[in-house]
file input27.pdb (PDB, C-alpha atoms)
ATOM      1  CA  MET A 766    -105.166  32.937-143.891
ATOM      2  CA  GLU A 767    -106.072  34.919-140.773
ATOM      3  CA  PHE A 768    -108.250  37.951-141.439
ATOM      4  CA  VAL A 769    -109.401  40.596-138.991
ATOM      5  CA  ASP A 770    -112.360  41.963-140.914
ATOM      6  CA  ALA A 771    -112.223  45.626-139.953
ATOM      7  CA  HIS A 772    -115.498  46.801-141.497
ATOM      8  CA  VAL A 773    -118.659  44.711-141.324
ATOM      9  CA  HIS A 774    -122.342  45.601-141.047
ATOM     10  CA  TYR A 775    -124.806  43.350-139.270
ATOM     11  CA  TRP A 776    -128.473  44.105-139.596
ATOM     12  CA  ASP A 777    -131.739  42.443-138.660
ATOM     13  CA  LEU A 778    -134.253  44.287-140.792
ATOM     14  CA  GLY A 779    -137.242  42.503-139.297
ATOM     15  CA  GLU A 780    -136.383  44.012-135.918
ATOM     16  CA  HIS A 781    -134.552  47.225-136.791
ATOM     17  CA  GLU A 782    -135.549  48.352-140.274
ATOM     18  CA  ASP A 783    -136.183  51.879-138.992
ATOM     19  CA  TRP A 784    -132.480  52.297-138.132
ATOM     20  CA  TYR A 785    -131.522  52.213-141.836
ATOM     21  CA  PRO A 786    -133.914  54.458-143.771
ATOM     22  CA  GLY A 787    -131.613  54.817-146.779
ATOM     23  CA  LEU A 788    -130.565  51.196-147.201
ATOM     24  CA  GLN A 789    -133.307  50.030-149.545
ATOM     25  CA  ARG A 790    -133.057  53.192-151.633
ATOM     26  CA  PHE A 791    -129.281  53.163-152.122
ATOM     27  CA  PHE A 792    -128.422  49.449-151.924
ATOM     28  CA  PRO A 793    -131.511  47.387-152.789
ATOM     29  CA  GLU A 794    -129.265  44.507-153.906
ATOM     30  CA  VAL A 795    -128.211  43.831-150.308
ATOM     31  CA  TYR A 796    -131.475  44.722-148.600
ATOM     32  CA  SER A 797    -131.784  41.613-146.446
ATOM     33  CA  ASP A 798    -130.701  40.442-143.026
ATOM     34  CA  TYR A 799    -126.961  40.004-142.498
ATOM     35  CA  LEU A 800    -125.925  38.492-139.199
ATOM     36  CA  PRO A 801    -122.835  36.765-137.767
ATOM     37  CA  ASP A 802    -123.724  33.360-139.223
ATOM     38  CA  ASP A 803    -124.077  34.919-142.680
ATOM     39  CA  HIS A 804    -120.635  36.492-142.350
ATOM     40  CA  ARG A 805    -119.160  33.185-141.126
ATOM     41  CA  ALA A 806    -120.592  31.446-144.186
ATOM     42  CA  ASP A 807    -119.108  34.073-146.518
ATOM     43  CA  ALA A 808    -115.696  33.759-144.870
ATOM     44  CA  ALA A 809    -115.799  29.957-145.084
ATOM     45  CA  LYS A 810    -116.515  30.112-148.817
ATOM     46  CA  ALA A 811    -113.560  32.487-149.197
ATOM     47  CA  GLY A 812    -111.268  30.129-147.302
ATOM     48  CA  VAL A 813    -110.199  32.758-144.757
ATOM     49  CA  ASP A 814    -110.105  32.463-140.981
ATOM     50  CA  VAL A 815    -111.882  35.546-139.640
ATOM     51  CA  THR A 816    -110.629  35.795-136.076
ATOM     52  CA  ALA A 817    -112.236  39.155-135.235
ATOM     53  CA  VAL A 818    -114.848  41.505-136.665
ATOM     54  CA  VAL A 819    -115.000  45.285-136.351
ATOM     55  CA  HIS A 820    -118.600  46.376-136.722
ATOM     56  CA  VAL A 821    -119.124  49.884-138.092
ATOM     57  CA  SER A 822    -122.435  51.658-137.690
ATOM     58  CA  ALA A 823    -124.562  52.164-140.782
ATOM     59  CA  SER A 824    -127.605  53.505-138.952
ATOM     60  CA  SER A 825    -128.752  56.833-140.353
ATOM     61  CA  ALA A 826    -131.956  57.471-138.384
ATOM     62  CA  PRO A 827    -131.452  60.134-135.696
ATOM     63  CA  ARG A 828    -129.451  58.668-132.794
ATOM     64  CA  ALA A 829    -130.291  55.105-133.868
ATOM     65  CA  TYR A 830    -126.631  54.344-133.221
ATOM     66  CA  LEU A 831    -127.488  54.164-129.499
ATOM     67  CA  GLY A 832    -129.846  51.231-129.951
ATOM     68  CA  GLU A 833    -127.548  49.650-132.502
ATOM     69  CA  THR A 834    -124.541  49.760-130.178
ATOM     70  CA  ALA A 835    -126.570  48.243-127.333
ATOM     71  CA  TRP A 836    -127.743  45.452-129.678
ATOM     72  CA  LEU A 837    -124.178  44.790-130.821
ATOM     73  CA  ASP A 838    -122.941  44.769-127.237
ATOM     74  CA  ARG A 839    -125.301  41.891-126.483
ATOM     75  CA  MET A 840    -123.794  40.027-129.447
ATOM     76  CA  HIS A 841    -120.273  40.781-128.218
ATOM     77  CA  ARG A 842    -121.036  39.395-124.769
ATOM     78  CA  THR A 843    -122.196  36.151-126.408
ATOM     79  CA  ASP A 844    -119.297  35.936-128.893
ATOM     80  CA  PRO A 845    -116.422  38.341-128.100
ATOM     81  CA  ALA A 846    -115.049  38.058-131.640
ATOM     82  CA  ARG A 847    -118.284  38.963-133.461
ATOM     83  CA  PRO A 848    -118.049  41.824-133.007
ATOM     84  CA  ALA A 849    -114.713  42.262-131.279
ATOM     85  CA  ALA A 850    -114.935  46.033-131.679
ATOM     86  CA  ILE A 851    -117.824  48.425-132.211
ATOM     87  CA  ILE A 852    -117.545  51.701-134.110
ATOM     88  CA  GLY A 853    -120.709  53.491-133.105
ATOM     89  CA  GLY A 854    -122.131  56.806-134.183
ATOM     90  CA  LEU A 855    -122.272  60.452-133.227
ATOM     91  CA  ASP A 856    -124.042  63.570-134.451
ATOM     92  CA  PRO A 857    -121.786  66.577-133.754
ATOM     93  CA  ARG A 858    -124.699  68.984-134.293
ATOM     94  CA  ARG A 859    -126.292  67.894-131.017
ATOM     95  CA  SER A 860    -125.718  69.906-127.867
ATOM     96  CA  PRO A 861    -122.402  69.325-126.075
ATOM     97  CA  ASP A 862    -124.224  67.574-123.235
ATOM     98  CA  THR A 863    -125.990  65.241-125.692
ATOM     99  CA  VAL A 864    -122.732  64.428-127.478
ATOM    100  CA  GLU A 865    -121.160  63.533-124.115
ATOM    101  CA  ASP A 866    -124.200  61.489-123.118
ATOM    102  CA  ASP A 867    -124.191  59.590-126.419
ATOM    103  CA  LEU A 868    -120.526  58.677-125.999
ATOM    104  CA  ASP A 869    -121.105  57.645-122.391
ATOM    105  CA  ALA A 870    -124.019  55.411-123.390
ATOM    106  CA  GLN A 871    -122.013  53.643-126.082
ATOM    107  CA  ALA A 872    -118.928  53.373-123.850
ATOM    108  CA  ALA A 873    -120.960  51.091-121.583
ATOM    109  CA  SER A 874    -119.925  48.372-124.016
ATOM    110  CA  PRO A 875    -116.378  47.077-123.476
ATOM    111  CA  ALA A 876    -116.154  46.651-127.252
ATOM    112  CA  PHE A 877    -116.786  50.327-128.041
ATOM    113  CA  ARG A 878    -113.770  51.789-129.832
ATOM    114  CA  GLY A 879    -114.929  54.921-131.632
ATOM    115  CA  VAL A 880    -117.445  56.507-133.956
ATOM    116  CA  ARG A 881    -118.228  57.437-137.491
ATOM    117  CA  MET A 882    -120.405  60.442-138.263
ATOM    118  CA  LEU A 883    -122.927  59.836-141.032
ATOM    119  CA  GLY A 884    -124.429  63.308-140.824
ATOM    120  CA  GLY A 885    -123.729  66.792-139.635
ATOM    121  CA  VAL A 886    -119.999  66.809-140.286
ATOM    122  CA  ASP A 887    -118.726  70.184-141.428
ATOM    123  CA  PRO A 888    -114.943  70.023-140.988
ATOM    124  CA  ALA A 889    -114.783  73.799-140.566
ATOM    125  CA  ALA A 890    -117.474  73.942-137.855
ATOM    126  CA  GLU A 891    -116.716  74.302-134.170
ATOM    127  CA  THR A 892    -119.212  71.519-133.451
ATOM    128  CA  THR A 893    -117.023  69.112-135.415
ATOM    129  CA  ALA A 894    -113.821  70.433-133.866
ATOM    130  CA  SER A 895    -115.278  70.013-130.379
ATOM    131  CA  ALA A 896    -116.368  66.446-131.129
ATOM    132  CA  LEU A 897    -112.921  65.539-132.480
ATOM    133  CA  ARG A 898    -111.215  66.935-129.394
ATOM    134  CA  LEU A 899    -113.576  64.919-127.229
ATOM    135  CA  LEU A 900    -112.807  61.719-129.141
ATOM    136  CA  ALA A 901    -109.083  62.308-128.736
ATOM    137  CA  HIS A 902    -109.477  62.996-125.020
ATOM    138  CA  ARG A 903    -111.330  59.705-124.594
ATOM    139  CA  GLY A 904    -108.887  57.727-126.738
ATOM    140  CA  LEU A 905    -111.555  56.894-129.319
ATOM    141  CA  VAL A 906    -111.120  56.367-133.054
ATOM    142  CA  PHE A 907    -112.646  58.716-135.623
ATOM    143  CA  ASP A 908    -113.603  56.248-138.382
ATOM    144  CA  GLN A 909    -114.832  58.316-141.311
ATOM    145  CA  ILE A 910    -115.500  58.369-145.026
ATOM    146  CA  ILE A 911    -113.398  61.266-146.332
ATOM    147  CA  ARG A 912    -113.699  61.549-150.079
ATOM    148  CA  PRO A 913    -110.740  62.967-152.006
ATOM    149  CA  ALA A 914    -112.639  66.157-152.807
ATOM    150  CA  GLU A 915    -113.210  66.660-149.067
ATOM    151  CA  ALA A 916    -109.636  65.987-147.987
ATOM    152  CA  ALA A 917    -108.396  69.572-148.225
ATOM    153  CA  ALA A 918    -111.216  70.735-145.949
ATOM    154  CA  PHE A 919    -110.595  67.964-143.419
ATOM    155  CA  VAL A 920    -106.819  68.384-143.153
ATOM    156  CA  PRO A 921    -106.919  71.511-140.920
ATOM    157  CA  ALA A 922    -109.493  69.927-138.604
ATOM    158  CA  LEU A 923    -107.505  66.712-138.260
ATOM    159  CA  SER A 924    -104.183  68.531-137.943
ATOM    160  CA  ALA A 925    -105.599  70.536-135.032
ATOM    161  CA  VAL A 926    -106.040  67.327-132.999
ATOM    162  CA  PRO A 927    -102.753  65.445-133.538
ATOM    163  CA  GLY A 928    -103.558  62.955-130.784
ATOM    164  CA  LEU A 929    -106.722  61.793-132.543
ATOM    165  CA  ALA A 930    -106.651  58.316-134.080
ATOM    166  CA  VAL A 931    -108.213  58.647-137.546
ATOM    167  CA  VAL A 932    -109.211  55.874-139.924
ATOM    168  CA  ALA A 933    -110.023  57.019-143.470
ATOM    169  CA  GLU A 934    -112.623  54.493-144.575
ATOM    170  CA  HIS A 935    -113.433  52.914-147.888
ATOM    171  CA  THR A 936    -110.245  53.877-149.710
ATOM    172  CA  GLY A 937    -111.645  57.399-150.000
ATOM    173  CA  TRP A 938    -114.709  56.075-151.885
ATOM    174  CA  PRO A 939    -113.411  56.694-155.415
ATOM    175  CA  GLU A 940    -115.987  57.471-158.072
ATOM    176  CA  ARG A 941    -116.005  55.352-161.199
ATOM    177  CA  ASP A 942    -115.805  58.438-163.407
ATOM    178  CA  GLU A 943    -113.354  60.334-161.163
ATOM    179  CA  PRO A 944    -109.888  60.895-162.638
ATOM    180  CA  PHE A 945    -107.422  58.682-160.784
ATOM    181  CA  ALA A 946    -105.058  61.631-160.284
ATOM    182  CA  GLU A 947    -107.753  63.498-158.338
ATOM    183  CA  TRP A 948    -108.351  60.503-156.096
ATOM    184  CA  ARG A 949    -104.632  60.149-155.492
ATOM    185  CA  ASP A 950    -104.181  63.843-154.723
ATOM    186  CA  GLY A 951    -106.901  63.754-152.069
ATOM    187  CA  MET A 952    -105.525  60.597-150.475
ATOM    188  CA  ALA A 953    -102.020  62.065-150.471
ATOM    189  CA  ARG A 954    -103.290  65.010-148.399
ATOM    190  CA  LEU A 955    -104.624  62.587-145.796
ATOM    191  CA  ALA A 956    -101.524  60.394-145.903
ATOM    192  CA  ALA A 957     -99.385  63.412-145.008
ATOM    193  CA  LEU A 958    -101.002  63.364-141.537
ATOM    194  CA  PRO A 959     -99.252  60.743-139.388
ATOM    195  CA  ASN A 960    -102.354  60.098-137.270
ATOM    196  CA  VAL A 961    -104.436  58.982-140.288
ATOM    197  CA  HIS A 962    -104.617  55.307-141.226
ATOM    198  CA  CYS A 963    -106.227  53.985-144.406
ATOM    199  CA  LYS A 964    -108.881  51.295-144.378
ATOM    200  CA  ILE A 965    -108.764  49.613-147.780
ATOM    201  CA  SER A 966    -112.428  48.777-148.108
ATOM    202  CA  GLY A 967    -115.535  49.797-149.964
ATOM    203  CA  LEU A 968    -114.097  49.320-153.442
ATOM    204  CA  GLY A 969    -116.714  46.753-154.404
ATOM    205  CA  MET A 970    -119.373  49.276-153.382
ATOM    206  CA  ALA A 971    -117.768  52.297-155.032
ATOM    207  CA  LEU A 972    -116.600  50.667-158.266
ATOM    208  CA  ARG A 973    -119.289  47.953-158.514
ATOM    209  CA  THR A 974    -116.631  45.347-159.223
ATOM    210  CA  THR A 975    -114.111  43.202-157.387
ATOM    211  CA  SER A 976    -111.838  42.564-160.353
ATOM    212  CA  VAL A 977    -108.114  42.622-159.679
ATOM    213  CA  ARG A 978    -107.563  44.927-162.644
ATOM    214  CA  ASP A 979    -109.946  47.566-161.294
ATOM    215  CA  LEU A 980    -108.990  47.321-157.617
ATOM    216  CA  ARG A 981    -105.211  47.128-158.036
ATOM    217  CA  PRO A 982    -104.488  50.844-158.720
ATOM    218  CA  TYR A 983    -106.356  51.914-155.588
ATOM    219  CA  VAL A 984    -104.898  49.247-153.319
ATOM    220  CA  GLU A 985    -101.360  49.860-154.539
ATOM    221  CA  GLY A 986    -101.899  53.629-154.411
ATOM    222  CA  CYS A 987    -102.884  53.425-150.737
ATOM    223  CA  LEU A 988     -99.910  51.234-149.906
ATOM    224  CA  GLU A 989     -97.563  53.653-151.640
ATOM    225  CA  LEU A 990     -99.024  56.757-149.988
ATOM    226  CA  PHE A 991     -99.637  55.489-146.446
ATOM    227  CA  GLY A 992     -97.174  52.617-146.274
ATOM    228  CA  VAL A 993     -98.014  49.091-145.192
ATOM    229  CA  ASP A 994     -97.894  50.069-141.509
ATOM    230  CA  ARG A 995    -100.824  52.494-141.865
ATOM    231  CA  CYS A 996    -103.131  50.389-144.036
ATOM    232  CA  PHE A 997    -105.394  47.419-143.432
ATOM    233  CA  PHE A 998    -108.031  45.512-145.362
ATOM    234  CA  ALA A 999    -111.736  45.171-144.605
ATOM    235  CA  SER A1000    -114.659  43.650-146.477
ATOM    236  CA  ASN A1001    -117.462  46.206-145.996
ATOM    237  CA  PHE A1002    -119.844  43.268-146.269
ATOM    238  CA  PRO A1003    -122.584  42.892-147.115
ATOM    239  CA  VAL A1004    -122.471  46.243-148.935
ATOM    240  CA  ASP A1005    -119.426  45.405-151.067
ATOM    241  CA  GLY A1006    -121.524  42.494-152.271
ATOM    242  CA  VAL A1007    -122.920  44.829-154.928
ATOM    243  CA  GLY A1008    -119.568  44.322-156.695
ATOM    244  CA  GLY A1009    -118.989  40.605-156.170
ATOM    245  CA  THR A1010    -118.854  37.862-153.588
ATOM    246  CA  TYR A1011    -116.857  37.894-150.373
ATOM    247  CA  ALA A1012    -114.628  35.222-151.914
ATOM    248  CA  ASP A1013    -114.091  37.370-155.021
ATOM    249  CA  LEU A1014    -113.061  40.326-152.873
ATOM    250  CA  LEU A1015    -110.664  38.433-150.602
ATOM    251  CA  THR A1016    -109.146  36.650-153.586
ATOM    252  CA  ALA A1017    -108.496  40.028-155.224
ATOM    253  CA  TYR A1018    -106.873  41.433-152.082
ATOM    254  CA  GLN A1019    -104.624  38.381-151.833
ATOM    255  CA  GLU A1020    -103.644  38.440-155.488
ATOM    256  CA  ILE A1021    -102.825  42.147-155.436
ATOM    257  CA  THR A1022    -100.566  41.681-152.392
ATOM    258  CA  ALA A1023     -98.957  38.424-153.524
ATOM    259  CA  ARG A1024     -95.556  40.055-154.046
ATOM    260  CA  LEU A1025     -95.380  41.461-150.526
ATOM    261  CA  THR A1026     -93.544  39.660-147.744
ATOM    262  CA  GLU A1027     -95.447  37.454-145.344
ATOM    263  CA  PRO A1028     -94.966  39.930-142.451
ATOM    264  CA  GLU A1029     -96.352  42.713-144.654
ATOM    265  CA  ARG A1030     -99.393  40.653-145.579
ATOM    266  CA  ARG A1031    -100.035  39.714-141.955
ATOM    267  CA  ALA A1032     -99.929  43.414-141.106
ATOM    268  CA  LEU A1033    -102.488  44.260-143.791
ATOM    269  CA  PHE A1034    -104.864  41.377-143.153
ATOM    270  CA  SER A1035    -104.800  41.271-139.355
ATOM    271  CA  GLU A1036    -102.095  42.912-137.257
ATOM    272  CA  ASN A1037    -102.620  46.573-138.157
ATOM    273  CA  ALA A1038    -106.357  46.389-137.499
ATOM    274  CA  ARG A1039    -105.723  44.657-134.177
ATOM    275  CA  ARG A1040    -103.420  47.475-133.163
ATOM    276  CA  ARG A1041    -105.650  50.318-134.406
ATOM    277  CA  TYR A1042    -108.778  48.976-132.675
ATOM    278  CA  ARG A1043    -106.971  47.621-129.597
ATOM    279  CA  LEU A1044    -108.050  44.022-130.129
ATOM    280  CA  ALA A1045    -106.753  41.110-128.087
ATOM    281  CA  GLY A1046    -104.674  38.415-129.735
TER
END
call {"tool": "encode", "arguments": {"input": "input27.pdb", "output": "structure tokens"}}
result
Amino acid sequence: MEFVDAHVHYWDLGEHEDWYPGLQRFFPEVYSDYLPDDHRADAAKAGVDVTAVVHVSASSAPRAYLGETAWLDRMHRTDPARPAAIIGGLDPRRSPDTVEDDLDAQAASPAFRGVRMLGGVDPAAETTASALRLLAHRGLVFDQIIRPAEAAAFVPALSAVPGLAVVAEHTGWPERDEPFAEWRDGMARLAALPNVHCKISGLGMALRTTSVRDLRPYVEGCLELFGVDRCFFASNFPVDGVGGTYADLLTAYQEITARLTEPERRALFSENARRRYRLAG
């Protein structure tokens, strides 16, 4: 099966440990190098043909996303599929000139497709609104974790920039003790915005399992709310490895979608991500 893995993290901790100050504290189980050959090995064990990787920044040190994007660009120029697209970073609290400069620096890579913001995002702040308008103007994706409890606050900000391409990451990051109805209500608010797509990912991380029984309600809930055309799968590896192996995760995704048509499954596993991130092929 072809799989465009739309959320992967590479890291070389021997060289760049200072880019990820929270990694060992929050995810000690996966605190080790993870590079393209490691991802290839995981995909081979899962029996899937990963034809493209979207790398999403996990650097949380101030402006470390600049060095990370440059490092990933060198990888891309060696192997255009790994990564095929780079989602870099941005801190909207910086001065307008710095925000512009940071986007310009990352846009030097032909693989740069957008940003996530790991800090400084207040959806009601003008700094955030200005950054979102700038992303829309440049045709860049806003790839963001928006938890269900945050959805109501984000809706006005996202509605104000209807031309912005938004990807709601990690299935909204449901909490294990969060009532399902609350998760669904938050996701429904986001699904009501036609410019928001849902990245079904991060469930192994959030739920600490990759069992079909536990993942099915969230996967099927996203498909019902957003529709197949606005959803796509991603592994979030190595971080989803806290819940199971790459093979476990991909097997669960395939089992949960077994009743869908082949065109629908192709959309979820490859075609929608290719379209959202403007990937060749």
call {"tool": "closest_atom_pairs", "arguments": {"input": "input27.pdb", "of": "segment 813-883 of chain A", "to": "segment 1018-1038 of chain A", "cutoff": "12 Å", "atoms": "only C-alpha atoms", "output": "JSON lines"}}
result
{"residue": "A:Val813", "atom": "CA", "partner": "A:Phe1034", "partner_atom": "CA", "distance": 10.3}
{"residue": "A:Asp814", "atom": "CA", "partner": "A:Ser1035", "partner_atom": "CA", "distance": 10.4}
{"residue": "A:Val815", "atom": "CA", "partner": "A:Ser1035", "partner_atom": "CA", "distance": 9.1}
{"residue": "A:Thr816", "atom": "CA", "partner": "A:Ser1035", "partner_atom": "CA", "distance": 8.6}
{"residue": "A:Ala817", "atom": "CA", "partner": "A:Ser1035", "partner_atom": "CA", "distance": 8.8}
{"residue": "A:Val818", "atom": "CA", "partner": "A:Ala1038", "partner_atom": "CA", "distance": 9.8}
{"residue": "A:Val819", "atom": "CA", "partner": "A:Ala1038", "partner_atom": "CA", "distance": 8.8}
{"residue": "A:Ala849", "atom": "CA", "partner": "A:Ala1038", "partner_atom": "CA", "distance": 11.2}
{"residue": "A:Ala850", "atom": "CA", "partner": "A:Ala1038", "partner_atom": "CA", "distance": 10.4}
{"residue": "A:Arg878", "atom": "CA", "partner": "A:Ala1038", "partner_atom": "CA", "distance": 12.0}
call {"tool": "write_last_selection", "arguments": {"input": "input27.pdb", "atoms": "C-alpha atoms", "output": "mmCIF file, in the coordinates of the input"}}
result
data_model
loop_
_atom_site.group_PDB
_atom_site.id
_atom_site.type_symbol
_atom_site.label_atom_id
_atom_site.label_comp_id
_atom_site.auth_asym_id
_atom_site.auth_seq_id
_atom_site.Cartn_x
_atom_site.Cartn_y
_atom_site.Cartn_z
ATOM 1 C CA VAL A 813 -110.199 32.758 -144.757
ATOM 2 C CA ASP A 814 -110.105 32.463 -140.981
ATOM 3 C CA VAL A 815 -111.882 35.546 -139.640
ATOM 4 C CA THR A 816 -110.629 35.795 -136.076
ATOM 5 C CA ALA A 817 -112.236 39.155 -135.235
ATOM 6 C CA VAL A 818 -114.848 41.505 -136.665
ATOM 7 C CA VAL A 819 -115.000 45.285 -136.351
ATOM 8 C CA ALA A 849 -114.713 42.262 -131.279
ATOM 9 C CA ALA A 850 -114.935 46.033 -131.679
ATOM 10 C CA ARG A 878 -113.770 51.789 -129.832
#
call {"tool": "atom_distance", "arguments": {"input": "input27.pdb", "atom1": "atom CA of Thr834 of chain A", "atom2": "atom CA of Lys810 of chain A"}}
result
28.2 Å
call {"tool": "residues_around", "arguments": {"input": "input27.pdb", "residues": "Thr892 of chain A", "least_positions_apart": "3", "cutoff": "12 Å", "atoms": "all atoms listed in the file", "output": "list of chain:residue names"}}
result
A:Leu855, A:Asp856, A:Pro857, A:Arg858, A:Arg859, A:Ser860, A:Pro861, A:Val864, A:Gly885, A:Val886, A:Asp887, A:Pro888, A:Ala889, A:Ser895, A:Ala896, A:Leu897, A:Arg898, A:Leu899, A:Ala922
call {"tool": "residues_around", "arguments": {"input": "input27.pdb", "residues": "segment 903-913 of chain A", "least_positions_apart": "5", "cutoff": "9 Å", "atoms": "only C-alpha atoms", "output": "ChimeraX atom specification"}}
result
/A:821,852,877-883,897-898,919,928-939,947-955,1041-1042
call {"tool": "closest_residue", "arguments": {"input": "input27.pdb", "among": "A:Ser976, A:Pro875, A:Val773, A:Pro793", "to": "Pro845 of chain A", "atoms": "all atoms listed in the file"}}
result
A:Pro875
call {"tool": "atom_distance", "arguments": {"input": "input27.pdb", "atom1": "atom CA of Pro848 of chain A", "atom2": "atom CA of Thr863 of chain A"}}
result
25.8 Å
call {"tool": "atom_distance", "arguments": {"input": "input27.pdb", "atom1": "atom CA of Val769 of chain A", "atom2": "atom CA of Met840 of chain A"}}
result
17.3 Å
call {"tool": "residues_around", "arguments": {"input": "input27.pdb", "residues": "segment 992-1007 of chain A", "least_positions_apart": "4", "cutoff": "8 Å", "atoms": "all atoms listed in the file", "output": "ChimeraX atom specification"}}
result
/A:769-774,792,794-795,799,804,961-970,973-974,987-988,1011,1014-1015,1018,1029,1032-1035,1037-1038
call {"tool": "closest_residue", "arguments": {"input": "input27.pdb", "among": "A:Ala829, A:Ala808, A:Ala823, A:Leu788", "to": "Thr1010 of chain A", "atoms": "only C-alpha atoms"}}
result
A:Ala808
call {"tool": "resolve_selection", "arguments": {"input": "input27.pdb", "expression": "the PyMOL selection byres ((chain A and resi 870) around 12)", "output": "number ranges by chain"}}
result
A: 828, 830-835, 838, 853-855, 863-869, 871-875, 877
call {"tool": "write_last_selection", "arguments": {"input": "input27.pdb", "atoms": "C-alpha atoms", "output": "PDB file, keeping the file's coordinate frame"}}
result
ATOM      1  CA  ARG A 828    -129.451  58.668-132.794  1.00  0.00           C
ATOM      2  CA  TYR A 830    -126.631  54.344-133.221  1.00  0.00           C
ATOM      3  CA  LEU A 831    -127.488  54.164-129.499  1.00  0.00           C
ATOM      4  CA  GLY A 832    -129.846  51.231-129.951  1.00  0.00           C
ATOM      5  CA  GLU A 833    -127.548  49.650-132.502  1.00  0.00           C
ATOM      6  CA  THR A 834    -124.541  49.760-130.178  1.00  0.00           C
ATOM      7  CA  ALA A 835    -126.570  48.243-127.333  1.00  0.00           C
ATOM      8  CA  ASP A 838    -122.941  44.769-127.237  1.00  0.00           C
ATOM      9  CA  GLY A 853    -120.709  53.491-133.105  1.00  0.00           C
ATOM     10  CA  GLY A 854    -122.131  56.806-134.183  1.00  0.00           C
ATOM     11  CA  LEU A 855    -122.272  60.452-133.227  1.00  0.00           C
ATOM     12  CA  THR A 863    -125.990  65.241-125.692  1.00  0.00           C
ATOM     13  CA  VAL A 864    -122.732  64.428-127.478  1.00  0.00           C
ATOM     14  CA  GLU A 865    -121.160  63.533-124.115  1.00  0.00           C
ATOM     15  CA  ASP A 866    -124.200  61.489-123.118  1.00  0.00           C
ATOM     16  CA  ASP A 867    -124.191  59.590-126.419  1.00  0.00           C
ATOM     17  CA  LEU A 868    -120.526  58.677-125.999  1.00  0.00           C
ATOM     18  CA  ASP A 869    -121.105  57.645-122.391  1.00  0.00           C
ATOM     19  CA  GLN A 871    -122.013  53.643-126.082  1.00  0.00           C
ATOM     20  CA  ALA A 872    -118.928  53.373-123.850  1.00  0.00           C
ATOM     21  CA  ALA A 873    -120.960  51.091-121.583  1.00  0.00           C
ATOM     22  CA  SER A 874    -119.925  48.372-124.016  1.00  0.00           C
ATOM     23  CA  PRO A 875    -116.378  47.077-123.476  1.00  0.00           C
ATOM     24  CA  PHE A 877    -116.786  50.327-128.041  1.00  0.00           C
TER      25      PHE A 877
END
call {"tool": "residues_around", "arguments": {"input": "input27.pdb", "residues": "Pro921 of chain A", "least_positions_apart": "3", "cutoff": "10 Å", "atoms": "all atoms listed in the file", "output": "number ranges by chain"}}
result
A: 888-889, 894, 916-918, 924-926
